[in-house]
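Colleague: Below is input36.txt; it holds compact mmCIF, C-alpha atoms and all ligand atoms.
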```txt
# COMPACT_ATOMS: atom_id res chain seq x y z
CA MET A 779 26.91 28.84 -22.35
CA GLU A 780 28.82 28.76 -25.65
CA GLN A 781 31.76 26.70 -24.45
CA LYS A 782 32.01 24.67 -27.63
CA LYS A 783 34.72 22.08 -27.62
CA GLY A 784 33.78 20.16 -30.75
CA CYS A 785 32.33 16.69 -31.16
CA PRO A 786 34.20 14.06 -29.14
CA LEU A 787 33.53 11.54 -31.90
CA CYS A 788 34.23 13.28 -35.22
CA LYS A 789 35.81 16.57 -34.01
CA ASN A 790 33.34 18.59 -36.07
CA ALA A 791 32.75 21.96 -34.42
CA GLU A 792 29.30 22.49 -35.93
CA GLY A 793 26.34 21.61 -33.76
CA HIS A 794 23.04 22.88 -32.45
CA VAL A 795 21.82 23.01 -28.87
CA VAL A 796 19.20 20.33 -28.17
CA HIS A 797 18.74 20.99 -24.48
CA GLN A 798 19.82 23.43 -21.79
CA LYS A 799 19.53 23.43 -18.03
CA LYS A 800 20.18 27.09 -17.44
CA GLN A 801 20.15 26.94 -13.64
CA GLU A 802 22.84 24.29 -13.58
CA GLY A 803 24.67 25.87 -16.51
CA LEU A 804 24.40 22.72 -18.60
CA ALA A 805 23.85 22.33 -22.33
CA TRP A 806 23.86 19.46 -24.81
CA VAL A 807 24.70 19.93 -28.47
CA GLN A 808 24.04 17.62 -31.39
CA CYS A 809 26.87 17.27 -33.89
CA GLU A 810 25.77 18.20 -37.42
CA GLU A 811 28.12 15.63 -38.88
CA CYS A 812 27.76 12.37 -36.91
CA SER A 813 24.59 13.12 -34.86
CA LEU A 814 26.23 12.44 -31.48
CA VAL A 815 24.79 14.57 -28.68
CA TYR A 816 27.39 15.79 -26.19
CA LYS A 817 27.47 17.98 -23.13
CA THR A 818 29.24 21.23 -23.80
CA ALA A 819 28.87 23.39 -20.76
CA GLY A 820 28.64 23.20 -17.02
CA LYS A 821 30.77 21.39 -14.52
CA ASP A 822 33.70 19.28 -15.56
CA SER A 823 32.99 15.78 -16.72
CA LEU A 824 31.88 13.36 -14.06
CA SER A 825 33.18 10.43 -16.07
CA THR A 826 36.47 10.27 -14.21
CA ASP A 827 35.13 11.65 -10.94
CA ALA A 828 34.91 8.39 -9.04
CA GLY A 829 33.67 10.18 -5.92
CA TYR A 830 30.41 11.20 -7.57
CA TYR A 831 29.48 7.57 -8.19
CA GLN A 832 31.09 6.10 -5.07
CA THR A 833 28.83 8.08 -2.78
CA GLY A 834 25.67 7.01 -4.59
CA GLN A 835 24.86 10.51 -5.88
CA MET A 836 23.73 9.11 -9.20
CA ARG A 837 21.11 6.93 -7.52
CA GLU A 838 19.68 10.03 -5.84
CA THR A 839 18.52 11.32 -9.20
CA MET A 840 16.68 8.13 -10.04
CA PRO A 841 13.48 7.90 -7.95
CA TYR A 842 11.57 10.51 -9.89
CA ARG A 843 12.96 9.33 -13.17
CA TYR A 844 11.48 5.91 -12.56
CA GLY A 845 8.26 7.03 -10.97
CA ASP A 846 9.03 6.06 -7.39
CA SER A 847 9.03 8.25 -4.32
CA THR A 848 11.36 6.11 -2.26
CA SER A 849 15.10 6.13 -2.73
CA VAL A 850 16.61 3.46 -4.95
CA THR A 851 18.20 1.03 -2.49
CA PRO A 852 20.49 -1.74 -3.75
CA GLU A 853 17.64 -4.21 -3.13
CA ILE A 854 15.21 -2.20 -5.24
CA ALA A 855 17.82 -1.69 -7.96
CA PHE A 856 18.39 -5.45 -7.99
CA GLU A 857 14.78 -6.57 -7.97
CA GLU A 858 13.35 -4.04 -10.38
CA LYS A 859 15.56 -5.15 -13.24
CA ASN A 860 15.15 -8.91 -12.85
CA GLU A 861 13.26 -9.50 -16.07
CA ILE A 862 15.43 -7.11 -18.05
CA GLN A 863 18.54 -8.98 -16.87
CA TRP A 864 17.07 -12.22 -18.12
CA GLU A 865 16.26 -10.64 -21.51
CA ARG A 866 19.85 -9.34 -21.71
CA PHE A 867 21.15 -12.80 -20.88
CA LEU A 868 19.06 -14.37 -23.67
CA LYS A 869 20.58 -11.91 -26.15
CA VAL A 870 24.18 -12.77 -25.23
CA LYS A 871 23.95 -16.45 -24.36
CA LYS A 872 25.03 -17.71 -27.78
CA TYR A 873 28.39 -15.97 -27.24
CA ILE A 874 29.21 -17.66 -23.93
CA ASN A 875 29.71 -21.16 -22.56
CA ARG A 876 30.92 -22.96 -19.42
CA ASP A 877 34.51 -21.85 -20.08
CA SER A 878 33.74 -18.17 -20.62
CA SER A 879 34.96 -15.23 -18.59
CA VAL A 880 32.60 -12.29 -18.32
CA MET A 881 33.17 -8.75 -17.13
CA GLU A 882 30.46 -6.17 -16.58
CA ILE A 883 31.55 -2.56 -16.26
CA GLY A 884 29.11 -0.58 -14.14
CA CYS A 885 27.47 -3.70 -12.76
CA GLY A 886 25.14 -1.80 -10.40
CA SER A 887 23.55 -4.11 -7.87
CA GLY A 888 24.85 -7.18 -9.72
CA GLY A 889 21.62 -8.39 -11.32
CA PHE A 890 23.07 -9.23 -14.71
CA LEU A 891 26.16 -11.00 -13.33
CA HIS A 892 23.98 -12.90 -10.89
CA THR A 893 21.92 -14.09 -13.87
CA VAL A 894 24.86 -15.06 -16.06
CA ASN A 895 27.13 -16.47 -13.33
CA PRO A 896 25.72 -20.06 -13.26
CA TYR A 897 26.36 -20.45 -17.00
CA VAL A 898 30.02 -19.36 -17.24
CA GLN A 899 33.46 -20.03 -15.76
CA ASP A 900 33.85 -16.71 -13.96
CA CYS A 901 32.43 -13.22 -13.68
CA ILE A 902 33.98 -9.95 -12.60
CA GLY A 903 32.03 -6.78 -11.97
CA VAL A 904 33.30 -3.21 -11.88
CA GLU A 905 31.23 -0.74 -9.90
CA LEU A 906 32.00 2.46 -8.03
CA ASP A 907 28.85 2.92 -5.92
CA LYS A 908 29.95 1.57 -2.52
CA GLU A 909 26.50 0.49 -1.36
CA LEU A 910 25.88 -1.43 -4.58
CA VAL A 911 29.30 -3.07 -4.35
CA GLU A 912 28.62 -4.15 -0.78
CA PHE A 913 25.24 -5.58 -1.82
CA SER A 914 26.57 -7.63 -4.73
CA ARG A 915 29.52 -8.92 -2.73
CA SER A 916 27.66 -9.88 0.43
CA ARG A 917 24.25 -10.85 -0.91
CA LEU A 918 25.13 -12.24 -4.35
CA ASN A 919 28.65 -13.44 -3.60
CA LEU A 920 30.01 -11.72 -6.71
CA ASP A 921 33.60 -10.63 -7.41
CA VAL A 922 33.19 -6.88 -7.79
CA ARG A 923 36.04 -4.35 -8.09
CA ASP A 924 35.26 -0.93 -6.68
CA THR A 925 37.65 1.29 -8.64
CA LEU A 926 37.88 2.76 -12.12
CA LEU A 927 38.70 0.20 -14.80
CA SER A 928 42.08 1.87 -15.37
CA ASP A 929 43.06 1.19 -11.73
CA ILE A 930 42.37 -2.55 -11.81
CA ASP A 931 45.22 -5.02 -12.16
CA PHE A 932 43.89 -7.96 -14.16
CA SER A 933 47.35 -9.57 -14.43
CA GLY A 934 46.80 -10.15 -18.15
CA LYS A 935 43.41 -11.81 -17.74
CA LYS A 936 41.11 -11.22 -20.72
CA PHE A 937 37.40 -11.75 -21.23
CA ASP A 938 35.12 -13.47 -23.74
CA LEU A 939 32.32 -11.05 -23.01
CA ILE A 940 32.42 -7.51 -21.67
CA CYS A 941 29.08 -5.83 -20.99
CA MET A 942 28.20 -2.23 -20.33
CA PHE A 943 24.54 -1.49 -19.74
CA HIS A 944 23.85 2.24 -19.61
CA VAL A 945 27.48 3.11 -18.93
CA LEU A 946 29.03 4.47 -22.14
CA GLU A 947 26.90 7.61 -22.09
CA HIS A 948 28.67 8.68 -18.88
CA PHE A 949 32.04 9.17 -20.62
CA ASP A 950 33.11 12.40 -22.29
CA ASP A 951 35.88 10.68 -24.26
CA PRO A 952 34.20 7.47 -25.43
CA LYS A 953 36.96 6.59 -27.89
CA SER A 954 39.73 6.39 -25.35
CA PHE A 955 37.45 4.54 -22.96
CA LEU A 956 36.46 1.95 -25.58
CA ARG A 957 40.08 1.46 -26.61
CA GLN A 958 40.89 0.83 -22.97
CA VAL A 959 38.02 -1.67 -22.70
CA LYS A 960 39.12 -3.41 -25.91
CA LYS A 961 42.47 -4.33 -24.34
CA HIS A 962 40.59 -6.61 -21.94
CA LEU A 963 38.77 -8.55 -24.67
CA LYS A 964 40.02 -11.92 -25.89
CA PRO A 965 40.47 -12.24 -29.67
CA GLY A 966 36.98 -12.96 -31.01
CA GLY A 967 35.41 -11.74 -27.77
CA ARG A 968 32.22 -9.71 -27.74
CA LEU A 969 31.49 -6.29 -26.35
CA VAL A 970 27.86 -5.67 -25.40
CA ILE A 971 26.63 -2.11 -25.14
CA GLU A 972 23.27 -0.76 -24.11
CA VAL A 973 22.63 3.00 -24.08
CA PRO A 974 19.60 5.30 -24.17
CA ASN A 975 18.57 6.04 -27.74
CA PHE A 976 18.33 9.70 -28.70
CA ASN A 977 15.56 8.80 -31.12
CA ASP A 978 13.25 8.24 -28.16
CA THR A 979 9.50 8.49 -28.62
CA LEU A 980 8.68 10.62 -25.58
CA LEU A 981 11.53 12.96 -26.39
CA GLN A 982 11.32 13.27 -30.17
CA VAL A 983 7.72 12.53 -31.05
CA PHE A 984 5.66 13.67 -28.10
CA GLY A 985 8.25 16.30 -27.17
CA LEU A 986 7.33 16.35 -23.50
CA LYS A 987 9.12 19.17 -21.66
CA LYS A 988 9.13 17.41 -18.30
CA TYR A 989 10.45 14.25 -19.86
CA GLN A 990 13.23 16.28 -21.47
CA GLU A 991 14.21 17.59 -18.05
CA ILE A 992 14.61 14.06 -16.78
CA TYR A 993 16.07 12.54 -19.92
CA PHE A 994 18.92 15.04 -19.95
CA THR A 995 20.76 14.38 -16.72
CA ILE A 996 23.99 15.82 -15.36
CA HIS A 997 25.81 12.50 -15.41
CA HIS A 998 25.13 11.83 -19.10
CA GLU A 999 27.91 13.28 -21.21
CA LEU A 1000 26.58 11.72 -24.42
CA TYR A 1001 23.43 10.57 -26.17
CA PHE A 1002 23.76 8.17 -29.07
CA SER A 1003 21.78 7.40 -32.16
CA ARG A 1004 22.30 4.16 -34.02
CA LYS A 1005 24.46 6.11 -36.50
CA SER A 1006 26.77 7.69 -33.92
CA LEU A 1007 27.18 4.51 -31.85
CA ALA A 1008 28.04 2.53 -34.99
CA LYS A 1009 30.59 5.18 -35.99
CA LEU A 1010 32.17 5.15 -32.53
CA LEU A 1011 32.53 1.38 -32.58
CA GLU A 1012 33.88 1.31 -36.12
CA ASP A 1013 36.40 4.04 -35.27
CA CYS A 1014 37.58 1.88 -32.37
CA GLY A 1015 37.99 -1.21 -34.55
CA PHE A 1016 34.72 -3.00 -33.92
CA GLN A 1017 32.01 -4.26 -36.22
CA CYS A 1018 28.62 -4.25 -34.59
CA SER A 1019 25.08 -5.51 -34.89
CA PHE A 1020 22.11 -3.76 -33.36
CA SER A 1021 18.93 -5.01 -31.79
CA PRO A 1022 17.29 -1.85 -30.50
CA PHE A 1023 14.31 -2.30 -28.23
CA ASN A 1024 11.67 -0.49 -26.23
CA GLU A 1025 11.96 -1.12 -22.53
CA TYR A 1026 8.94 0.99 -21.64
CA GLY A 1027 5.46 0.28 -22.86
CA ILE A 1028 2.15 1.94 -23.46
CA ALA A 1029 1.10 2.42 -19.82
CA ASN A 1030 4.23 4.41 -19.12
CA HIS A 1031 3.92 6.47 -22.29
CA LEU A 1032 0.26 7.27 -21.70
CA ASN A 1033 1.01 8.35 -18.16
CA TRP A 1034 3.70 10.68 -19.45
CA VAL A 1035 1.40 12.14 -22.09
CA GLN A 1036 -1.50 12.62 -19.67
CA ASN A 1037 0.16 13.32 -16.34
CA ASP A 1038 3.65 14.48 -17.23
CA ARG A 1039 5.29 11.73 -15.22
CA PRO A 1040 6.15 8.05 -15.51
CA VAL A 1041 3.71 5.44 -14.35
CA PRO A 1042 4.47 4.70 -10.66
CA GLY A 1043 7.00 1.89 -10.39
CA ALA A 1044 7.80 2.24 -14.09
CA SER A 1045 11.20 0.64 -13.81
CA ARG A 1046 9.85 -2.49 -12.15
CA GLN A 1047 7.03 -2.70 -14.62
CA SER A 1048 9.45 -1.89 -17.37
CA GLY A 1049 8.56 -3.38 -20.74
CA ARG A 1050 5.56 -5.25 -19.53
CA CYS A 1051 2.21 -3.66 -18.91
CA PHE A 1052 0.10 -3.48 -15.78
CA GLN A 1053 -2.01 -6.49 -14.93
CA VAL A 1054 -5.06 -6.42 -12.67
CA SER A 1055 -6.60 -8.97 -10.35
CA SER A 1056 -10.30 -9.10 -9.47
CA TYR A 1057 -11.54 -7.73 -6.15
CA ASN A 1058 -14.50 -10.04 -5.91
CA LYS A 1059 -13.17 -13.34 -7.15
CA ASN A 1060 -16.24 -14.93 -8.65
CA GLU A 1061 -16.14 -16.87 -11.87
CA LYS A 1062 -17.53 -14.05 -14.02
CA ASN A 1063 -15.00 -11.51 -12.75
CA SER A 1064 -12.10 -13.91 -13.09
CA GLU A 1065 -13.07 -14.65 -16.67
CA PHE A 1066 -13.20 -10.94 -17.51
CA VAL A 1067 -9.92 -10.17 -15.71
CA GLY A 1068 -8.19 -12.97 -17.58
CA GLU A 1069 -9.38 -11.63 -20.92
CA PHE A 1070 -8.65 -8.03 -19.93
CA ASN A 1071 -5.06 -8.83 -18.93
CA GLN A 1072 -4.52 -10.70 -22.15
CA TRP A 1073 -5.91 -7.76 -24.12
CA VAL A 1074 -3.63 -5.32 -22.28
CA ARG A 1075 -0.59 -7.45 -23.06
CA GLN A 1076 -1.59 -7.57 -26.70
CA VAL A 1077 -2.12 -3.80 -26.88
CA ASN A 1078 1.30 -3.29 -25.31
CA ASP A 1079 2.94 -5.65 -27.80
CA ASP A 1080 1.13 -3.97 -30.70
CA TYR A 1081 2.22 -0.52 -29.48
CA LYS A 1082 5.85 -1.58 -29.30
CA GLU A 1083 5.60 -3.06 -32.76
CA LEU A 1084 4.16 0.20 -34.04
CA LEU A 1085 7.01 2.17 -32.46
CA ALA A 1086 9.60 -0.20 -33.86
CA SER A 1087 8.10 -0.08 -37.36
CA HIS A 1088 8.73 3.68 -37.30
CA GLY A 1089 12.24 3.29 -35.89
CA PHE A 1090 11.43 4.56 -32.41
CA PHE A 1091 13.23 2.84 -29.57
CA ASP A 1092 14.10 3.98 -26.08
CA THR A 1093 17.16 1.73 -25.96
CA LEU A 1094 20.00 0.84 -28.32
CA PHE A 1095 21.37 -2.65 -27.77
CA CYS A 1096 24.51 -3.54 -29.66
CA ILE A 1097 26.87 -6.49 -29.82
CA ALA A 1098 30.33 -5.64 -31.15
CA GLN A 1099 33.27 -7.74 -32.21
CA GLN A 1100 36.79 -6.70 -33.12
CA SER A 1101 36.98 -6.29 -36.88
ZN ZN B 1 30.34 14.39 -34.55
```
The structure given in the file should be rewritten as structure tokens.
Ligand SMILES: [Zn+2]
Modeller:
Amino acid sequence: MEQKKGCPLCKNAEGHVVHQKKQEGLAWVQCEECSLVYKTAGKDSLSTDAGYYQTGQMRETMPYRYGDSTSVTPEIAFEEKNEIQWERFLKVKKYINRDSSVMEIGCGSGGFLHTVNPYVQDCIGVELDKELVEFSRSRLNLDVRDTLLSDIDFSGKKFDLICMFHVLEHFDDPKSFLRQVKKHLKPGGRLVIEVPNFNDTLLQVFGLKKYQEIYFTIHHELYFSRKSLAKLLEDCGFQCSFSPFNEYGIANHLNWVQNDRPVPGASRQSGRCFQVSSYNKNEKNSEFVGEFNQWVRQVNDDYKELLASHGFFDTLFCIAQQS
């Protein structure tokens, strides 16, 4: 288990184990110096193992994680993130215009590119999962490349915006990957990164064992804090600004605390909260349901504000520019 290889960000050898999966022979260590969490033991890195992603193995681990019993089909993956894609678009839209070129690395079922496509000159997606690639090509008419970034010939084409949503944590050598990505950015272009935050409420505050088991997953080589992600970007020649956020709300958290699992359909529900409709639609019921739903939304907003005021976020969102 003690196969220490040092921190991939600052090379410091000192770290403490934050999680182990003994059966799979996996362990994650947090660097004492820069706070990056990295996988130290177990199978070789999956980050350059295209086959693991091409065959959809990563999606197989997702149903339980997101509270669903059915497998995550490309359609489900596309539909469940609709609102999140729109929120992402709103965060980046001031950096793009009709003449912009956008690339998304790890574009999944194409939801973000589908959202941004009408507002820019062109979009290119990079995705290994063959089923997802097929979906975004045939159903969304997107230009998606199905190989590793290093194998794509862009013929010198560069991008105004390169996005990676929940991708960077899959790489065991994030510096060399980011330097590779940087070569595809136009001068003044923006790099958008979203990763799970290690300072996650369910993990760090409530300390739920079952959540830990799901949070730490074989295909995540790294877990970032704001500090370690900022250091990585600065080391690679970027200056960055953060807008961390909480994707999941109070219904999901309460379900975890009470039942040790996410609220069913958590990923579709995502940041919003459940809403009810009345069974017997008379005027009195409708009035109550309207007020109830409004109250639930308010409680959810208040809860997220409370989390944020204490620095707890499930997601780090960062926009970086070459410095
Ligand atoms: Zn370190």
Colleague: Using only C-alpha atoms and all ligand atoms, what are the residues with an atom within 6 Å of ligand ZN 1 (chain B), set out as a list of chain:residue names?
Modeller: A:Cys785, A:Leu787, A:Cys788, A:Lys789, A:Asn790, A:Cys809, A:Glu811, A:Cys812, A:Ser813, A:Leu814
Colleague: For each of A:Phe867, A:Ser916, A:Leu986, A:Ser878, take the minimum atom-to-atom distance to Thr893 of chain A, counting all atoms listed in the file, then give the residue where this is smallest.
Modeller: A:Phe867
Colleague: Go through A:Leu1011, A:Leu927, A:Cys1051, A:Val973 and flag the residue nearest Asn1030 of chain A, using all atoms listed in the file for the distances.
Modeller: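 That would be A:Cys1051, the residue with the smallest distance to Asn1030 of chain A.
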Colleague: Need the shell around Thr925 of chain A: protein/DNA/RNA residues with any atom at most 12 Å away, counting all atoms listed in the file. Skip same-chain ones fewer than 5 positions apart. Format as number ranges by chain?
Modeller: A: 826-829, 831-832, 883-884, 903-908, 911, 930-931
Colleague: Would you list the residues near (27.4, 9.8, -23.3) (no more than 9 Å away, in the coordinates of the file, using only C-alpha atoms) as an NGL selection string?
Modeller: :A and (814-817 or 945-952 or 973 or 997-1002)
Colleague: With distances taken over only C-alpha atoms, which of A:Pro974, A:Lys987, A:Glu912, A:Asn895 is nearest to Asn1037 of chain A?
Modeller: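 Using only C-alpha atoms, the shortest distance to Asn1037 of chain A belongs to A:Lys987.
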Colleague: Using atom CA of Lys859 of chain A and atom CA of Val1077 of chain A as the two end points, give the distance in Å to one decimal.
Modeller: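 Atom CA of Val1077 of chain A lies 22.4 Å from atom CA of Lys859 of chain A.
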Colleague: Can you pull out the residues contacting Arg876 of chain A? Cut-off 12 Å, using only C-alpha atoms, and skip same-chain residues under 5 positions away; I want them as an mmCIF file with C-alpha atoms, in the coordinates of the input.
Modeller:
```
data_model
loop_
_atom_site.group_PDB
_atom_site.id
_atom_site.type_symbol
_atom_site.label_atom_id
_atom_site.label_comp_id
_atom_site.auth_asym_id
_atom_site.auth_seq_id
_atom_site.Cartn_x
_atom_site.Cartn_y
_atom_site.Cartn_z
ATOM 1 C CA LYS A 871 23.950 -16.450 -24.360
ATOM 2 C CA VAL A 894 24.860 -15.060 -16.060
ATOM 3 C CA ASN A 895 27.130 -16.470 -13.330
ATOM 4 C CA PRO A 896 25.720 -20.060 -13.260
ATOM 5 C CA TYR A 897 26.360 -20.450 -17.000
ATOM 6 C CA VAL A 898 30.020 -19.360 -17.240
ATOM 7 C CA GLN A 899 33.460 -20.030 -15.760
ATOM 8 C CA ASP A 900 33.850 -16.710 -13.960
ATOM 9 C CA CYS A 901 32.430 -13.220 -13.680
ATOM 10 C CA ASP A 938 35.120 -13.470 -23.740
#
```
Colleague: With only C-alpha atoms as the counted atoms, please give the residues lying no more than 12 Å from Cys1096 of chain A, apart from itself and same-chain residues fewer than 3 positions off, as an mmCIF file with C-alpha atoms, keeping the file's coordinate frame.
Modeller:
```
data_model
loop_
_atom_site.group_PDB
_atom_site.id
_atom_site.type_symbol
_atom_site.label_atom_id
_atom_site.label_comp_id
_atom_site.auth_asym_id
_atom_site.auth_seq_id
_atom_site.Cartn_x
_atom_site.Cartn_y
_atom_site.Cartn_z
ATOM 1 C CA ARG A 866 19.850 -9.340 -21.710
ATOM 2 C CA LYS A 869 20.580 -11.910 -26.150
ATOM 3 C CA VAL A 870 24.180 -12.770 -25.230
ATOM 4 C CA ILE A 940 32.420 -7.510 -21.670
ATOM 5 C CA CYS A 941 29.080 -5.830 -20.990
ATOM 6 C CA MET A 942 28.200 -2.230 -20.330
ATOM 7 C CA PHE A 943 24.540 -1.490 -19.740
ATOM 8 C CA HIS A 944 23.850 2.240 -19.610
ATOM 9 C CA LEU A 946 29.030 4.470 -22.140
ATOM 10 C CA ARG A 968 32.220 -9.710 -27.740
ATOM 11 C CA LEU A 969 31.490 -6.290 -26.350
ATOM 12 C CA VAL A 970 27.860 -5.670 -25.400
ATOM 13 C CA ILE A 971 26.630 -2.110 -25.140
ATOM 14 C CA GLU A 972 23.270 -0.760 -24.110
ATOM 15 C CA VAL A 973 22.630 3.000 -24.080
ATOM 16 C CA PRO A 974 19.600 5.300 -24.170
ATOM 17 C CA ASN A 975 18.570 6.040 -27.740
ATOM 18 C CA PHE A 1002 23.760 8.170 -29.070
ATOM 19 C CA SER A 1003 21.780 7.400 -32.160
ATOM 20 C CA ARG A 1004 22.300 4.160 -34.020
ATOM 21 C CA LYS A 1005 24.460 6.110 -36.500
ATOM 22 C CA LEU A 1007 27.180 4.510 -31.850
ATOM 23 C CA ALA A 1008 28.040 2.530 -34.990
ATOM 24 C CA LEU A 1010 32.170 5.150 -32.530
ATOM 25 C CA LEU A 1011 32.530 1.380 -32.580
ATOM 26 C CA PHE A 1016 34.720 -3.000 -33.920
ATOM 27 C CA GLN A 1017 32.010 -4.260 -36.220
ATOM 28 C CA CYS A 1018 28.620 -4.250 -34.590
ATOM 29 C CA SER A 1019 25.080 -5.510 -34.890
ATOM 30 C CA PHE A 1020 22.110 -3.760 -33.360
ATOM 31 C CA SER A 1021 18.930 -5.010 -31.790
ATOM 32 C CA PRO A 1022 17.290 -1.850 -30.500
ATOM 33 C CA PHE A 1023 14.310 -2.300 -28.230
ATOM 34 C CA THR A 1093 17.160 1.730 -25.960
ATOM 35 C CA GLN A 1099 33.270 -7.740 -32.210
#
```
